[in-house]
>>> print(open('run.txt').read())   # compact mmCIF, N, CA and C atoms
# COMPACT_ATOMS: atom_id res chain seq x y z
N MET R 1 35.38 97.50 -59.32
CA MET R 1 34.99 97.66 -60.70
C MET R 1 33.49 97.58 -60.88
N ALA R 2 32.77 97.16 -59.89
CA ALA R 2 31.34 96.90 -60.06
C ALA R 2 30.56 98.13 -60.51
N THR R 3 31.04 99.30 -60.19
CA THR R 3 30.31 100.51 -60.59
C THR R 3 31.03 101.27 -61.71
N THR R 4 32.02 100.66 -62.33
CA THR R 4 32.78 101.30 -63.38
C THR R 4 32.08 101.13 -64.72
N ASN R 5 31.77 102.24 -65.37
CA ASN R 5 31.16 102.20 -66.70
C ASN R 5 32.20 102.34 -67.78
N SER R 6 33.23 103.13 -67.50
CA SER R 6 34.31 103.33 -68.46
C SER R 6 35.54 103.81 -67.70
N VAL R 7 36.67 103.77 -68.39
CA VAL R 7 37.92 104.25 -67.81
C VAL R 7 38.47 105.31 -68.74
N SER R 8 38.66 106.51 -68.24
CA SER R 8 39.12 107.61 -69.08
C SER R 8 40.56 107.40 -69.52
N ARG R 9 40.93 108.08 -70.57
CA ARG R 9 42.31 107.99 -71.08
C ARG R 9 43.32 108.42 -70.02
N PRO R 10 43.11 109.53 -69.30
CA PRO R 10 44.07 109.89 -68.23
C PRO R 10 44.16 108.82 -67.14
N ALA R 11 43.05 108.20 -66.80
CA ALA R 11 43.08 107.14 -65.79
C ALA R 11 43.87 105.94 -66.30
N ARG R 12 43.70 105.60 -67.56
CA ARG R 12 44.47 104.48 -68.14
C ARG R 12 45.95 104.78 -68.11
N ALA R 13 46.31 106.03 -68.38
CA ALA R 13 47.72 106.41 -68.37
C ALA R 13 48.31 106.26 -66.97
N VAL R 14 47.57 106.68 -65.96
CA VAL R 14 48.04 106.55 -64.58
C VAL R 14 48.17 105.08 -64.21
N PHE R 15 47.19 104.27 -64.59
CA PHE R 15 47.21 102.85 -64.24
C PHE R 15 48.43 102.15 -64.83
N SER R 16 48.93 102.63 -65.97
CA SER R 16 50.07 102.00 -66.64
C SER R 16 51.42 102.45 -66.10
N GLN R 17 51.43 103.43 -65.20
CA GLN R 17 52.70 103.93 -64.66
C GLN R 17 53.20 103.04 -63.52
N ARG R 18 54.49 102.99 -63.38
CA ARG R 18 55.12 102.25 -62.28
C ARG R 18 54.64 102.84 -60.97
N CYS R 19 54.40 101.99 -59.98
CA CYS R 19 53.93 102.47 -58.68
C CYS R 19 54.58 101.63 -57.57
N ASP R 20 54.28 101.95 -56.34
CA ASP R 20 54.85 101.22 -55.22
C ASP R 20 54.18 99.88 -54.97
N ALA R 21 53.04 99.64 -55.59
CA ALA R 21 52.34 98.36 -55.40
C ALA R 21 53.17 97.25 -56.03
N SER R 22 53.15 96.08 -55.42
CA SER R 22 53.86 94.93 -55.99
C SER R 22 52.93 94.04 -56.79
N ALA R 23 51.61 94.24 -56.64
CA ALA R 23 50.61 93.51 -57.41
C ALA R 23 49.28 94.26 -57.27
N ILE R 24 48.40 94.05 -58.24
CA ILE R 24 47.10 94.69 -58.21
C ILE R 24 46.03 93.63 -58.43
N ALA R 25 45.06 93.58 -57.53
CA ALA R 25 43.91 92.69 -57.69
C ALA R 25 42.71 93.55 -58.05
N LEU R 26 42.12 93.27 -59.21
CA LEU R 26 40.91 93.98 -59.63
C LEU R 26 39.72 93.15 -59.16
N LEU R 27 38.79 93.78 -58.50
CA LEU R 27 37.65 93.07 -57.93
C LEU R 27 36.38 93.53 -58.63
N GLY R 28 35.63 92.58 -59.16
CA GLY R 28 34.37 92.88 -59.82
C GLY R 28 33.34 91.83 -59.46
N SER R 29 32.10 92.04 -59.91
CA SER R 29 31.04 91.13 -59.49
C SER R 29 30.26 90.52 -60.65
N SER R 30 30.57 90.89 -61.87
CA SER R 30 29.76 90.39 -62.98
C SER R 30 30.63 89.97 -64.15
N PRO R 31 30.04 89.23 -65.08
CA PRO R 31 30.78 88.90 -66.31
C PRO R 31 31.19 90.14 -67.10
N VAL R 32 30.40 91.19 -67.02
CA VAL R 32 30.75 92.44 -67.71
C VAL R 32 32.02 93.03 -67.09
N ASP R 33 32.12 92.99 -65.77
CA ASP R 33 33.33 93.47 -65.09
C ASP R 33 34.55 92.68 -65.58
N ARG R 34 34.39 91.36 -65.71
CA ARG R 34 35.50 90.51 -66.17
C ARG R 34 35.91 90.89 -67.60
N VAL R 35 34.94 91.11 -68.46
CA VAL R 35 35.24 91.50 -69.84
C VAL R 35 35.98 92.83 -69.87
N LEU R 36 35.49 93.80 -69.10
CA LEU R 36 36.17 95.11 -69.05
C LEU R 36 37.60 94.97 -68.54
N ALA R 37 37.78 94.19 -67.49
CA ALA R 37 39.13 94.01 -66.93
C ALA R 37 40.05 93.32 -67.92
N ASN R 38 39.57 92.25 -68.55
CA ASN R 38 40.40 91.52 -69.50
C ASN R 38 40.74 92.38 -70.72
N PHE R 39 39.77 93.15 -71.19
CA PHE R 39 40.04 94.04 -72.32
C PHE R 39 41.09 95.08 -71.92
N PHE R 40 40.89 95.70 -70.77
CA PHE R 40 41.81 96.72 -70.30
C PHE R 40 43.22 96.15 -70.14
N LEU R 41 43.32 94.97 -69.53
CA LEU R 41 44.64 94.37 -69.30
C LEU R 41 45.27 93.91 -70.61
N GLY R 42 44.45 93.56 -71.59
CA GLY R 42 44.98 93.16 -72.89
C GLY R 42 45.52 94.32 -73.70
N VAL R 43 44.95 95.49 -73.49
CA VAL R 43 45.35 96.68 -74.24
C VAL R 43 46.48 97.43 -73.55
N HIS R 44 46.49 97.44 -72.23
CA HIS R 44 47.47 98.21 -71.46
C HIS R 44 48.27 97.27 -70.57
N ALA R 45 49.57 97.32 -70.72
CA ALA R 45 50.43 96.50 -69.88
C ALA R 45 50.48 97.10 -68.48
N ALA R 46 50.04 96.33 -67.50
CA ALA R 46 50.11 96.79 -66.12
C ALA R 46 51.56 96.78 -65.66
N PRO R 47 51.94 97.71 -64.81
CA PRO R 47 53.34 97.79 -64.37
C PRO R 47 53.72 96.68 -63.39
N VAL R 48 52.75 96.00 -62.84
CA VAL R 48 52.99 94.91 -61.88
C VAL R 48 51.99 93.80 -62.18
N PRO R 49 52.20 92.58 -61.66
CA PRO R 49 51.22 91.52 -61.88
C PRO R 49 49.82 91.99 -61.47
N THR R 50 48.86 91.76 -62.34
CA THR R 50 47.48 92.23 -62.13
C THR R 50 46.53 91.12 -62.53
N LYS R 51 45.51 90.90 -61.70
CA LYS R 51 44.58 89.81 -61.96
C LYS R 51 43.18 90.22 -61.52
N PHE R 52 42.17 89.72 -62.22
CA PHE R 52 40.77 90.00 -61.91
C PHE R 52 40.18 88.90 -61.04
N PHE R 53 39.36 89.29 -60.07
CA PHE R 53 38.69 88.35 -59.17
C PHE R 53 37.24 88.76 -58.97
N THR R 54 36.39 87.77 -58.71
CA THR R 54 35.01 88.06 -58.30
C THR R 54 34.85 87.80 -56.80
N SER R 55 35.86 87.23 -56.18
CA SER R 55 35.84 86.94 -54.74
C SER R 55 36.90 87.79 -54.04
N GLN R 56 36.47 88.56 -53.06
CA GLN R 56 37.43 89.37 -52.31
C GLN R 56 38.42 88.47 -51.58
N ASP R 57 37.95 87.36 -51.01
CA ASP R 57 38.85 86.45 -50.30
C ASP R 57 39.94 85.90 -51.23
N GLU R 58 39.55 85.51 -52.44
CA GLU R 58 40.53 84.99 -53.40
C GLU R 58 41.52 86.09 -53.81
N ALA R 59 41.02 87.29 -53.97
CA ALA R 59 41.90 88.41 -54.34
C ALA R 59 42.92 88.67 -53.24
N VAL R 60 42.47 88.71 -52.00
CA VAL R 60 43.39 88.95 -50.87
C VAL R 60 44.38 87.81 -50.75
N ASN R 61 43.93 86.57 -50.88
CA ASN R 61 44.83 85.42 -50.81
C ASN R 61 45.90 85.50 -51.89
N TRP R 62 45.51 85.87 -53.11
CA TRP R 62 46.48 86.00 -54.21
C TRP R 62 47.50 87.06 -53.88
N LEU R 63 47.03 88.21 -53.39
CA LEU R 63 47.96 89.28 -53.03
C LEU R 63 48.90 88.85 -51.91
N MET R 64 48.37 88.16 -50.91
CA MET R 64 49.20 87.71 -49.79
C MET R 64 50.23 86.67 -50.24
N THR R 65 49.84 85.79 -51.14
CA THR R 65 50.77 84.79 -51.67
C THR R 65 51.92 85.48 -52.39
N ARG R 66 51.60 86.51 -53.15
CA ARG R 66 52.63 87.26 -53.87
C ARG R 66 53.55 87.96 -52.88
N ALA R 67 52.98 88.50 -51.80
CA ALA R 67 53.79 89.18 -50.78
C ALA R 67 54.70 88.20 -50.07
N ASP R 68 54.18 87.00 -49.77
CA ASP R 68 54.98 85.97 -49.10
C ASP R 68 56.16 85.53 -49.98
N ALA R 69 55.94 85.49 -51.28
CA ALA R 69 57.00 85.06 -52.21
C ALA R 69 58.14 86.06 -52.26
N ARG R 70 57.83 87.34 -51.99
CA ARG R 70 58.87 88.38 -52.01
C ARG R 70 59.76 88.32 -50.79
N GLU R 71 59.28 87.80 -49.71
CA GLU R 71 60.04 87.83 -48.46
C GLU R 71 61.13 86.78 -48.45
>>> encode(input="run.txt", output="structure tokens")
Amino acid sequence: MATTNSVSRPARAVFSQRCDASAIALLGSSPVDRVLANFFLGVHAAPVPTKFFTSQDEAVNWLMTRADARE
């Protein structure tokens, strides 16, 4: 998300569709990225659990924990 300035309407529609992913970790580096992610997630229901992170390690750990819970 660090280089994302906006998300187009078609992109938002795709993001809201059911997919094969079991969870989505959004990775950003600034408070602006967090605001964009929280706004986007508040307006559009993600098809799977979705969470914003500023740490790649935390994002991967969260995804792995979710994967372990499914097994």
>>> atom_distance(input="run.txt", atom1="atom N of R:Val32", atom2="atom N of R:Arg66")
25.8 Å
>>> closest_residue(input="run.txt", among="R:Leu26, R:Arg9, R:Asp20, R:Val35", to="R:Thr50", atoms="only N, CA and C atoms")
R:Leu26
>>> atom_distance(input="run.txt", atom1="atom CA of R:Ala59", atom2="atom CA of R:Ala21")
14.5 Å
>>> atom_distance(input="run.txt", atom1="atom N of R:Val60", atom2="atom C of R:His44")
21.3 Å
>>> select_by_dssp(input="run.txt", residues="stretch 13-69 of chain R", states="alpha helix (DSSP H)", output="NGL selection string")
:R and (13-15 or 31-43 or 56-69)
>>> residues_around(input="run.txt", residues="R:Val48", least_positions_apart="5", cutoff="6.5 Å", atoms="only N, CA and C atoms", output="list in words")
Ala21, Ser22, Ala23 and Ile24 of chain R
>>> closest_residue(input="run.txt", among="R:Phe40, R:Ser55, R:Ser8, R:Trp62", to="R:Gly28", atoms="all atoms listed in the file")
R:Ser55
